Every structure is written in structure tokens, then in C-alpha cells.
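S.K.: Dumping the structure here so I can ask a few things about it.
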Number of protein chains: 2
Amino acid sequence: MTIDAPADISFSIPFVHRLRFTQDILGADEHVLLELLEPSGELPPRVQFWVDESIAQAQPDLRHRLRAFVARHSGRLTPTGNVQIVPGGETVKNDIHILERMLKVFHAANLDRRSYVVVIGGGAVLDAVGFAAAIAHRGIRLIRLPTTTLAQADSGVGVKNSVNLFQKKNWLGTFAVPWGIINDTALLNTLPERDFRCGFSEAVKVTLLKNSGHFSELCRTAELIRDRNMVAAQSMIRISAELHRAHITQGGDPFEMLEARPLDYGHWSAHKLEVMSEFQLKHGEAVAIGVAVDTIYSSMVHGLPRADVNRVLKCLDDLGLTLDHPALHDTETLFAGLEEFRQHLGGRLTLTMLRNVGDPLEVHEVNRDAMRKAIHEVAEFAKAQRTRHEDIALRKCL
Amino acid sequence: MTIDAPADISFSIPFVHRLRFTQDILGADEHVLLELLEPSGELPPRVQFWVDESIAQAQPDLRHRLRAFVARHSGRLTPTGNVQIVPGGETVKNDIHILERMLKVFHAANLDRRSYVVVIGGGAVLDAVGFAAAIAHRGIRLIRLPTTTLAQADSGVGVKNSVNLFQKKNWLGTFAVPWGIINDTALLNTLPERDFRCGFSEAVKVTLLKNSGHFSELCRTAELIRDRNMVAAQSMIRISAELHRAHITQGGDPFEMLEARPLDYGHWSAHKLEVMSEFQLKHGEAVAIGVAVDTIYSSMVHGLPRADVNRVLKCLDDLGLTLDHPALHDTETLFAGLEEFRQHLGGRLTLTMLRNVGDPLEVHEVNRDAMRKAIHEVAEFAKAQRTRHEDIALRKCL
């Protein structure tokens with residue numbers, strides 16, 4: 001067993017991924033949060049709340065509801081001071097002093113590894129608070145309550161956290177499995193229209209990669225989702241979140257030790273478009289364009305049926321996602337995104353493309369002529385899309 | 001599969017633990033390091049060296065040998081600037097600006113996830129550089145070359161890294177499996193006497209917990225090890241490192257998600273003694289005392305045969321580890337270490353004690369009367385030990 005041990009030993013570390021879906025987590029469904037706060041030893045666990053400024057402003061009673069929740073369950077949890085508010089979006093990830101503040105507040109409240117940091121916010125706030133929680137005491141338990149469709153359907157379920165450093169997105173971070181994630185519908189009620197739609201481009205992406213039945217369902221309900229039918233929206237968030245989670249728990253490489261990131265379909269151009277647009281394009285909007293580009297490319301080079309291309313473009317359009325942006329016309333700058341994408345993981349360039357819906361493949365080179373044509377076709381579709389939407393708007397006015 | 005998924009999903013993440021033993025890693029055994037530097041894509045991997053000031057001073061040709069290694073293998077690796085020197089001991093962990101410098105140097109050298117940070121140093125330097133490498137890009141590959149017996153036999157093999165914050169040891173850190181560990185004998189040649197001995201108290205501990213045969217071997221070779229017989233020392237470092245590794249790879253909880261830390265035998269008092277002595281006691285010396293205390297306590301309360309107690313005390317003595325310190329007499333302050341130990345992991349107090357050699361048990365309470373007697377007995381043994389050593393020294397002079 002011991003001194004004859006081999007030089008390399010393969011082993012596995014067990015984790016539990018806890019995902020809940022609720023309608024009103026600080027009201028009728030509060031038991032779901034309470035049950036995640038496992039007592040530890042004889043004392044009730046210490047719990048601290050961190051809230052995204054955007055949702056705190058959009059739902060002014062949220063702070064009050066959190067305080068009332070804590071007061072109602074004083075025997076079950078030990079409160080640790082005020083609800084903490086942090087700015088949302090990239091601001092929270094760009095300012096290292098906010099990270100310092102998080103650590104100081106954790107420390108002042110004597111949080112330990114069996115305490116809970118509950119973070120309520122969009123993807124950026126989940127990332128930043130999650131990073132602080134991951135490195136304090138080598139990991140305080142983190143419960144995420146995502147407040148955007150994007151974070152509920154996608155990143156909130158994942159195992160990454162990060163802040164920005166050296167003006168590079170996500171340069172600093174860790175992989176850490178959160179203690180739990182609660183996707184709550186009431187937290188989405190105040191989400192602005194544009195952000196609401198954004199989350200569903202990742203749903204298009206993940207269903208295209210993983211499950212043609214669910215992709216068909218998304219195509220059927222896309223217009224309902226755009227019009228904010230919450231039954232349709234919740235169903236698709238749940239499907240997207242579960243497909244993402246299955247990828248993490250069954251995909252075999254959640255900590256990204258291999259050179260491929262199979263969920264990054266359409267993302268090489270999406271990342272670059274975000275930068276080229278100086279972040280006027282939101283991540284979900286850029287992903288919609290990137291998915292459209294790689295879908296057309298997949299049909300040109302990898303045999304994806306043309307009928308599926310049309311379904312994807314119609315689905316994105318039905319969801320209210322516009323595929324238009326001036327950056328799309330600067331193809332050569334966009335191509336620099338390929339090399340940046342490779343650098344991010346190191347090793348060979350590895351992109352995911354589609355042979356069929358639900359049947360992805362990995363490729364290591366790109367036919368640039370075909371890719372130029374695919375980009376051009378997306379731009380043409382977007383132009384027609386814009387004309388069509390203007391027509392519809394005009395007709396409504398007449 | 002998807003929307004019917006259960007709320008909790010258990011899953012495992014696979015890792016590889018790579019451990020090598022060499023005689024002269026920058027000389028005859030350099031292929032061992034080279035082979036760990038896996039190429040990634042078409043370019044040779046970027047490699048950066050970080051060195052503990054102590055070993056750089058003790059082995060003045062080390063920097064030159066590193067440069068020569070890099071020059072000899074320019075086709076196999078991409079050098080990334082100067083060998084970086086950092087202060088050893090707690091200094092490197094106490095100064096957050098050194099952590100910042102590490103991140104800046106990684107960034108300036110364009111290290112990515114498939115680059116290598118090779119760190120050569122004692123446990124503190126391995127901890128601090130390891131933490132920086134763990135959070136840059138969510139993890140740059142880390143190769144540890146421990147330069148102390150303690151780090152080779154124990155912490156260097158582990159999956160922790162950390163720096164100190166808020167004047168608390170290891171407050172900030174992560175769990176991360178290093179890419180590889182090379183335990184090299186030549187790096188121990190210049191280790192001061194006191195540090196050399198220190199590493200073996202963790203060997204006493206781990207063999208006591210895990211394997212009575214290896215404990216007997218350690219008892220037999222303890223005096224040889226104290227006299228720096230490198231064959232005996234290497235053999236025991238290897239046994240200790242492999243037992244520690246088996247605990248990580250087979251023990252089921254390397255990221256410490258449970259409330260016990262079964263390898264922390266003797267550590268509740270050791271941690272406290274280090275602080276009470278204002279770190280005059282080195283970690284290995286404090287562990288020797290802590291192991292003696294919990295061994296006597298185990299015989300009083302948990303049935304460990306008295307003969308084994310005598311073997312443990314003799315073994316520690318033969319290794320040249322002194323069990324004496326004034327802090328031992330301040331029993332009540334020492335007892336505060338029990339609560340601090342509990343707080344560190346949260347939850348219930350959980351200590352490891354011994355029923356027999358190789359047969360540990362977990363306990364959740366301490367009989368303080370018995371513990372006082374155990375501490376007193378260690379102090380008495382230490383007094384006799386001191387007298388005996390003075391006698392021996394005196395006889396040598398006559």
C-alpha cells in the first residue's frame with residue numbers, strides 16, 4: 001500500500017450539487033432556504049446575506065423581507081449583522097476593494113466553514129461574492145439566489161467564481177461547488193425586458209448541444225417566453241439549468257482540466273463581440289449572435305441540416321433576441337477572437353460545432369472562408385429581421 | 001434525465017496526484033522534472049520558477065543550476081524571465097503585497113492554465129505561491145519541490161494552500177490538487193539540524209494513526225534519522241508522504257467538507273503551543289509535544305496499551321525532538337486550544353485519539369482531568385529527558 005505506491009494515483013473527490021426551484025423564496029417557499037441551512041454542532045449556523053444593488057433597488061422591500069426572515073427564524077440561524085449591498089454588473093468584479101470589504105465583513109462576523117453566505121444577485125455579483133466565500137477559510141458555504149434569467153439558466157448552476165484583474169475578465173478565481181442554488185421566480189419579476197430575454201440564448205445553446213426534444217420545446221414556446229409568460233419561461237429555465245447541471249455532474253470535467261469546453265458553443269465570437277461592442281452587447285445578446293454564426297457554419301462544414309439552421313434563427317428571433325451589431329461586419333477583428341479563445345484554455349484551439357441538433361463535435365481548425373460566409377449570412381438575416389420588426393411595429397401603429 | 005432530476009445530485013471530480021522521489025532533481029534526475037512539464041498544443045509550456053530565500057542562500061548555486069536547466073532544455077520549455085526569490089517562513093504568508101507581486105509576475109509572463117509554476121521551498125513558501133497559482137486563471141499548474149523534511153513528509157503532499165490574513169494563520173486559501181510533487185534529497189542537504197528533525201514528528205503521527213509496522217520501523221531507525229543518515233531519513237519521508245497521500249486519495253474527504261480531520265492527531269494542543277510560545281516552537285516541535293500528550297491521554301481514557309506510550313515517547317526522544325516548553329505548564333490557556341480547534345472547522349469538537357497503534361477513533365469530548373494528567377506527565381518526561389541529555393552531553397565532554 002505505501003512505499004510501493006505508484007508515482008501517479010488517480011482519485012476522485014465527492015461533491016453534492018443542490019438545486020431548488022421556488023416561486024417565492026422569502027414568502028411561501030422560505031422552508032426551502034431554511035432546509036439548506038444545515039445546523040452544525042449545537043449552535044444555529046451563522047448566516048450572512050449579500051445583495052445585488054440592482055435587485056435591492058428594483059424590489060425595495062427585499063431588505064425588509066430578509067430581515068423579517070431572519071427574525072422569524074432566530075432559533076434556526078444566527079444572524080450576522082446587516083444585509084450587505086454591493087453594486088451589480090462588472091463594477092463589483094472590477095474593484096478589488098469590494099473583494100477586500102467582503103473578506104473583512106466575513107471576518108468581523110466570525111464566519112467559519114460551516115457558516116452560510118447567501119448571495120442574491122446577477123451573475124457578476126454571484127461570481128464576486130462566490131470568489132470571496134471560496135477563499136475565506138478555504139471555503140465558506142455559498143448559497144446562490146440568481147436574480148437574472150441568465151444566471152438562473154446558466155452560470156448560477158455552475159462551479160466557477162471570479163473577479164477581474166489586470167483589466168482581464170475573470171483573471172482571478174477558483175472552481176468551487178456551491179452549497180446550494182435556489183432559482184426563485186419572484187426574484188425575476190422586476191428584471192428589465194432586455195435582461196429577461198438575454199438568459200434564453202444560453203437555453204438555445206444548451207438544448208442545441210444536448211437534447212433535440214427540449215430544443216423543439218423551446219422553439220414552440222419562444223414567443224410566449226418573449227412575452228414573459230412565466231410558466232413557459234420557468235419551464236425553459238429549469239430545462240436549461242438541469243442540462244447545465246447534468247453537464248457538470250456527469251460531464252467529467254467541471255474544473256476544466258481538459259482542453260475543451262463543450263458548453264462554449266458560439267462563444268468564441270460572443271466573447272469577442274462583447275469586447276468589440278465595448279460591452280454594449282450583453283453577454284446573452286452576444287451569445288445569440290455567436291450561436292447563429294456557428295450554427296450556419298456547422299451546416300456549411302459539418303453537415304448540420306439546413307432546416308435546423310432555419311429553426312435556430314427563427315427561435316432566436318421569436319425570443320426577441322436581435323442578431324444585429326455593427327461589429328459583425330468587422331470580420332477580421334472578430335477572427336482575433338479565435339486565438340483569444342484558444343489562449344484562455346491554453347493548448348490547441350478546440351471549438352464545439354454541431355453535426356445535428358443534440359449531436360456536437362469538437363474541431364481544432366476553422367475554415368475561414370466558410371466562417372466569413374456564415375458571419376455574412378447572420379448579418380443579412382439580422383437586416384431582414386430588423387426590416388420585418390419595423391414593419392410589424394408600423395402595422396401596430398396604423 | 002432533465003426536468004425530473006432530483007434536487008440533490010452527488011457526483012465526483014477526478015484528479016491525478018503525481019509524486020516523485022529523486023536524489024538530485026537539477027542534476028542526474030532532471031528528466032523527472034522535464035517529464036512532468038507536459039507539452040500543451042504545439043508550443044513548449046511556459047515555466048516559471050519561484051524559490052524560497054532560505055534555500056537560495058543555503059545553496060548559492062541553485063539559481064545558476066535552474067538557469068542552466070532552462071537553457072539546456074530550451075526546446076522543451078519556454079522560460080518566462082528571472083528565477084523569482086521570496087522570503088521564507090511566515091513572512092511570505094503575512095505580506096499580502098508579496099501575493100500581489102506573484103500575481104503580477106504570472107500575468108506579465110502570460111502564464112495560462114497549461115503553464116507551470118515550479119516552487120522550491122519550505123511549507124510556507126509552497127503555501128503562498130500555491131495559493132497565487134490556484135487563483136490565477138482559476139488554477140495554473142503547480143509543481144512543488146519541498147526543501148524541508150516537514151514539507152516533504154507532510155504538507156507538500158497535501159492539497160491545501162494559504163496565506164495569513166487578519167493576523168490569522170491560513171485565513172485565506174483554497175484546496176487545490178497540485179500538478180506534481182518532487183521530493184528531492186539534494187534539496188535537504190543544507191537544511192539546519194533543528195528543521196531536519198522537525199519533519200519527523202509528523203511521521204510519528206501518521207504511522208501511529210495508519211500503520212503499526214511502519215511505526216515500528218520508525219522506532220528502529222529514529223536515532224539514525226536524528227544523526228542524519230539519509231537512507232533512513234529518505235525511507236521514512238517516503239513512508240510518511242505515501243501514508244499522507246493515501247489519506248488524501250483514499251480517505252474520501254481531502255477538501256475537508258466533513259467535521260473531522262483525522263490526520264490532526266495531537267494538533268489541537270500543537271497549534272495552541274505554537275501561538276503560546278510566540279512561534280519559538282516550530283510546528284514540528286509543537287506536534288511532537290501534542291502527539292505525546294494525546295498518546296498518554298489515549299492510554300488513560302481509550303485503552304491504548306501503556307507499552308505503546310513508552311515507545312512513542314522513546315521514539316520522539318530518539319529523533320532528537322525535545323518535549324519541553326514552559327507553555328506546557330499553563331494548562332488552562334492550553335485548553336483554550338480545544339475551542340479554537342473546534343472553531344476552525346466549525347461544528348462539533350472532533351478529535352482523533354488512539355485505541356491501538358494503527359487504530360484511531362474520533363471523540364467529541366475531552367476528560368479535562370485526564371488531559372491535565374497527560375500534560376503533566378509529558379512535562380515530567382521532558383524534565384527527565386533534559387536531565388538525561390545533559391548527562392550524556394556531560395559524559396561526552398569528560
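As shown in the C-alpha cells, the chain order sets the letters A, B, ...; within each chain, residues go from 1, and ligands are also counted from 1 in the order they appear.
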Taking only C-alpha atoms into account, report as a ChimeraX atom specification which residues of chain A lie within 6 Å of chain B.

M.R.: /A:2-3,7-20,40-41,114,135-138,171-174,239,242,249,346-348

S.K.: Write out as a ChimeraX atom specification all residues of stretch 63-305 of chain A that backbone DSSP assigns to strand (DSSP E).

M.R.: /A:78-79,84-86,116-121,141-146,160-165,168-175,180-184

S.K.: Would you mind reading off the distance between atom CA of A:Leu150 and atom CA of A:Phe279, one decimal, in Å?

M.R.: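 These atoms are spaced 16.1 Å apart.
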
S.K.: Tell me, in Å to one decimal, how far atom CA of A:Val378 is from atom CA of A:Gly89.

M.R.: 28.1 Å

S.K.: List the neighbours of A:Ala232 out to 9 Å using only C-alpha atoms; skip same-chain residues closer than 4 positions along the sequence, and give me the result as a ChimeraX atom specification.

M.R.: /A:218,221-222,224-225,228,236-237

S.K.: With all heavy atoms retained, write the just-selected residues as a tab-separated table (two decimals), in the first residue's frame.

M.R.:
```tsv
chain	number	residue	atom	x	y	z
A	218	LEU	N	-38.41	24.53	-26.84
A	218	LEU	CA	-38.03	25.94	-26.78
A	218	LEU	C	-38.53	26.69	-28.02
A	218	LEU	O	-39.04	27.81	-27.91
A	218	LEU	CB	-36.50	26.05	-26.63
A	218	LEU	CG	-35.90	27.46	-26.58
A	218	LEU	CD1	-36.59	28.34	-25.53
A	218	LEU	CD2	-34.41	27.40	-26.30
A	221	THR	N	-42.20	27.43	-27.59
A	221	THR	CA	-42.62	28.38	-26.55
A	221	THR	C	-41.87	29.71	-26.60
A	221	THR	O	-42.07	30.56	-25.73
A	221	THR	CB	-42.41	27.74	-25.15
A	221	THR	OG1	-41.03	27.40	-25.00
A	221	THR	CG2	-43.27	26.51	-24.96
A	222	ALA	N	-41.03	29.88	-27.63
A	222	ALA	CA	-40.15	31.06	-27.65
A	222	ALA	C	-40.93	32.38	-27.58
A	222	ALA	O	-40.59	33.29	-26.82
A	222	ALA	CB	-39.26	31.03	-28.89
A	224	LEU	N	-43.95	32.89	-26.38
A	224	LEU	CA	-44.55	33.03	-25.05
A	224	LEU	C	-43.52	33.56	-24.04
A	224	LEU	O	-43.81	34.42	-23.21
A	224	LEU	CB	-45.06	31.67	-24.55
A	224	LEU	CG	-46.33	31.10	-25.20
A	224	LEU	CD1	-46.56	29.67	-24.75
A	224	LEU	CD2	-47.53	32.01	-24.85
A	225	ILE	N	-42.30	33.00	-24.13
A	225	ILE	CA	-41.23	33.42	-23.22
A	225	ILE	C	-40.92	34.91	-23.44
A	225	ILE	O	-40.80	35.68	-22.48
A	225	ILE	CB	-39.97	32.55	-23.43
A	225	ILE	CG1	-40.24	31.12	-22.95
A	225	ILE	CG2	-38.77	33.15	-22.72
A	225	ILE	CD1	-39.16	30.11	-23.31
A	228	ARG	N	-43.11	37.06	-21.79
A	228	ARG	CA	-42.99	36.91	-20.34
A	228	ARG	C	-44.06	36.05	-19.71
A	228	ARG	O	-44.49	36.32	-18.59
A	228	ARG	CB	-42.96	38.29	-19.68
A	228	ARG	CG	-41.55	38.58	-19.19
A	228	ARG	CD	-41.37	39.95	-18.70
A	228	ARG	NE	-40.69	39.91	-17.42
A	228	ARG	CZ	-39.71	40.73	-17.09
A	228	ARG	NH1	-39.30	41.66	-17.94
A	228	ARG	NH2	-39.15	40.65	-15.92
A	236	MET	N	-38.49	26.54	-19.22
A	236	MET	CA	-37.26	26.52	-20.01
A	236	MET	C	-36.03	26.83	-19.16
A	236	MET	O	-34.96	26.27	-19.39
A	236	MET	CB	-37.39	27.52	-21.17
A	236	MET	CG	-36.40	27.29	-22.28
A	236	MET	SD	-36.15	25.52	-22.77
A	236	MET	CE	-37.81	25.09	-23.31
A	237	ILE	N	-36.17	27.69	-18.14
A	237	ILE	CA	-35.06	27.92	-17.21
A	237	ILE	C	-34.69	26.62	-16.52
A	237	ILE	O	-33.51	26.27	-16.38
A	237	ILE	CB	-35.43	29.01	-16.18
A	237	ILE	CG1	-35.41	30.39	-16.83
A	237	ILE	CG2	-34.49	28.96	-14.97
A	237	ILE	CD1	-35.98	31.49	-15.97
```

S.K.: Counting only C-alpha atoms, which of A:Val51, A:Val206, A:Leu36, A:Cys198 gets nearest to A:His283?

M.R.: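 Nearest candidate to A:His283 out of A:Val51, A:Val206, A:Leu36, A:Cys198: A:Cys198.
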
S.K.: Quick one, how far is atom CA of B:Pro146 from atom CA of B:Gly122?

M.R.: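 Answer for the atom CA of B:Pro146 to atom CA of B:Gly122 separation: 5.6 Å.
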
S.K.: Which polymer residues have any atom within 7 Å of an atom of stretch 328-330 of chain B, counting only C-alpha atoms, with same-chain residues fewer than 3 positions away left out, as a ChimeraX atom specification?

M.R.: /B:325,333-334,375,379

S.K.: For C-alpha atoms, I'd like the residues from the last selection saved as an mmCIF file, in the first residue's frame.

M.R.:
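Here's the written file selection-v9.cif:
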```cif
data_model
loop_
_atom_site.group_PDB
_atom_site.id
_atom_site.type_symbol
_atom_site.label_atom_id
_atom_site.label_comp_id
_atom_site.auth_asym_id
_atom_site.auth_seq_id
_atom_site.Cartn_x
_atom_site.Cartn_y
_atom_site.Cartn_z
ATOM 1 C CA HIS B 325 8.303 24.024 26.865
ATOM 2 C CA THR B 333 -4.542 28.554 28.457
ATOM 3 C CA LEU B 334 -3.673 25.417 26.552
ATOM 4 C CA ILE B 375 0.018 17.143 30.035
ATOM 5 C CA ALA B 379 6.218 17.832 31.289
#
```

S.K.: Can you tell me which residues surround B:Ser54 at a distance of at most 9 Å, considering only C-alpha atoms, apart from same-chain residues fewer than 2 positions away, and format the answer as a ChimeraX atom specification?

M.R.: /B:51-52,56-59,86-89,121-122

S.K.: Could you go through stretch 73-113 of chain B and tell me which residues DSSP, when run on the backbone, assigns to helix (DSSP H, G or I), listing them as number ranges by chain?

M.R.: B: 90-94, 96-108

S.K.: Could you write those residues out with C-alpha atoms, as a PDB file, in the first residue's frame?

M.R.:
```pdb
ATOM      1  CA  GLU B  90       5.550  33.150   7.826  1.00  0.00           C
ATOM      2  CA  THR B  91       6.882  36.392   6.269  1.00  0.00           C
ATOM      3  CA  VAL B  92       5.800  35.291   2.818  1.00  0.00           C
ATOM      4  CA  LYS B  93       2.335  34.439   4.131  1.00  0.00           C
ATOM      5  CA  ASN B  94       1.882  37.596   6.186  1.00  0.00           C
ATOM      6  CA  ILE B  96      -0.323  40.481   1.030  1.00  0.00           C
ATOM      7  CA  HIS B  97       1.920  42.585  -1.235  1.00  0.00           C
ATOM      8  CA  ILE B  98       4.039  39.523  -1.954  1.00  0.00           C
ATOM      9  CA  LEU B  99       0.871  37.753  -3.092  1.00  0.00           C
ATOM     10  CA  GLU B 100       0.124  40.711  -5.366  1.00  0.00           C
ATOM     11  CA  ARG B 101       3.646  40.526  -6.760  1.00  0.00           C
ATOM     12  CA  MET B 102       3.207  36.833  -7.571  1.00  0.00           C
ATOM     13  CA  LEU B 103       0.014  37.540  -9.491  1.00  0.00           C
ATOM     14  CA  LYS B 104       1.643  40.422 -11.369  1.00  0.00           C
ATOM     15  CA  VAL B 105       4.633  38.308 -12.343  1.00  0.00           C
ATOM     16  CA  PHE B 106       2.373  35.460 -13.531  1.00  0.00           C
ATOM     17  CA  HIS B 107       0.396  37.961 -15.575  1.00  0.00           C
ATOM     18  CA  ALA B 108       3.441  39.708 -17.029  1.00  0.00           C
TER      19      ALA B 108
END
```

S.K.: At a cut-off of 12 Å, using only C-alpha atoms, what residues contact B:Val357? Leave out same-chain residues fewer than 4 positions from it and give the result as a short mmCIF file (atom, residue, chain, number, x, y, z; two decimals) with C-alpha atoms, in the first residue's frame.

M.R.:
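Below is the file that was written, selection.cif:
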```cif
data_model
loop_
_atom_site.label_atom_id
_atom_site.label_comp_id
_atom_site.auth_asym_id
_atom_site.auth_seq_id
_atom_site.Cartn_x
_atom_site.Cartn_y
_atom_site.Cartn_z
CA VAL B 204 5.46 9.62 14.11
CA LYS B 205 1.90 10.90 13.95
CA VAL B 206 0.91 9.43 10.61
CA THR B 207 2.45 5.99 11.24
CA LEU B 208 0.77 5.87 14.67
CA LEU B 209 -2.57 6.54 13.01
CA LYS B 210 -2.19 4.40 9.93
CA ASN B 211 0.30 1.58 10.14
CA SER B 212 1.88 -0.09 13.16
CA GLY B 213 4.55 -1.82 11.04
CA HIS B 214 5.82 1.50 9.76
CA PHE B 215 5.68 2.93 13.27
CA SER B 216 7.94 0.09 14.46
CA THR B 295 -0.88 9.46 23.28
CA SER B 298 -5.34 7.82 24.78
CA SER B 299 -3.83 5.28 27.16
CA HIS B 302 -9.20 4.95 25.38
CA GLY B 303 -7.22 1.86 26.28
CA LEU B 304 -4.05 2.40 24.27
CA PRO B 305 -1.53 -0.02 25.86
CA ARG B 306 0.94 1.66 28.16
CA ALA B 307 3.83 -0.08 26.35
CA ASP B 308 2.92 1.89 23.21
CA VAL B 309 3.04 5.15 25.15
CA ARG B 311 7.53 3.51 22.57
CA VAL B 312 6.11 6.82 21.35
CA MET B 353 -7.37 9.59 19.59
CA LEU B 361 -11.03 6.76 16.92
#
```

S.K.: Taking only C-alpha atoms into account, which of B:Leu338, B:Val231, B:Leu321, B:Ala370 comes nearest B:Met300?

M.R.: B:Ala370

S.K.: Identify which of the residues B:Arg226, B:Arg194, B:Arg368, B:Arg386 lies closest to B:Asp324, counting only C-alpha atoms when measuring atom-to-atom distances.

M.R.: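 With only C-alpha atoms as the atom set, the closest residue is B:Arg386.
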
S.K.: Can you work out which one of A:Trp50, A:Phe196, A:Trp179, A:Tyr116 has the shortest atom-to-atom distance to A:Gly284, counting only C-alpha atoms?

M.R.: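 Nearest to A:Gly284: A:Phe196.
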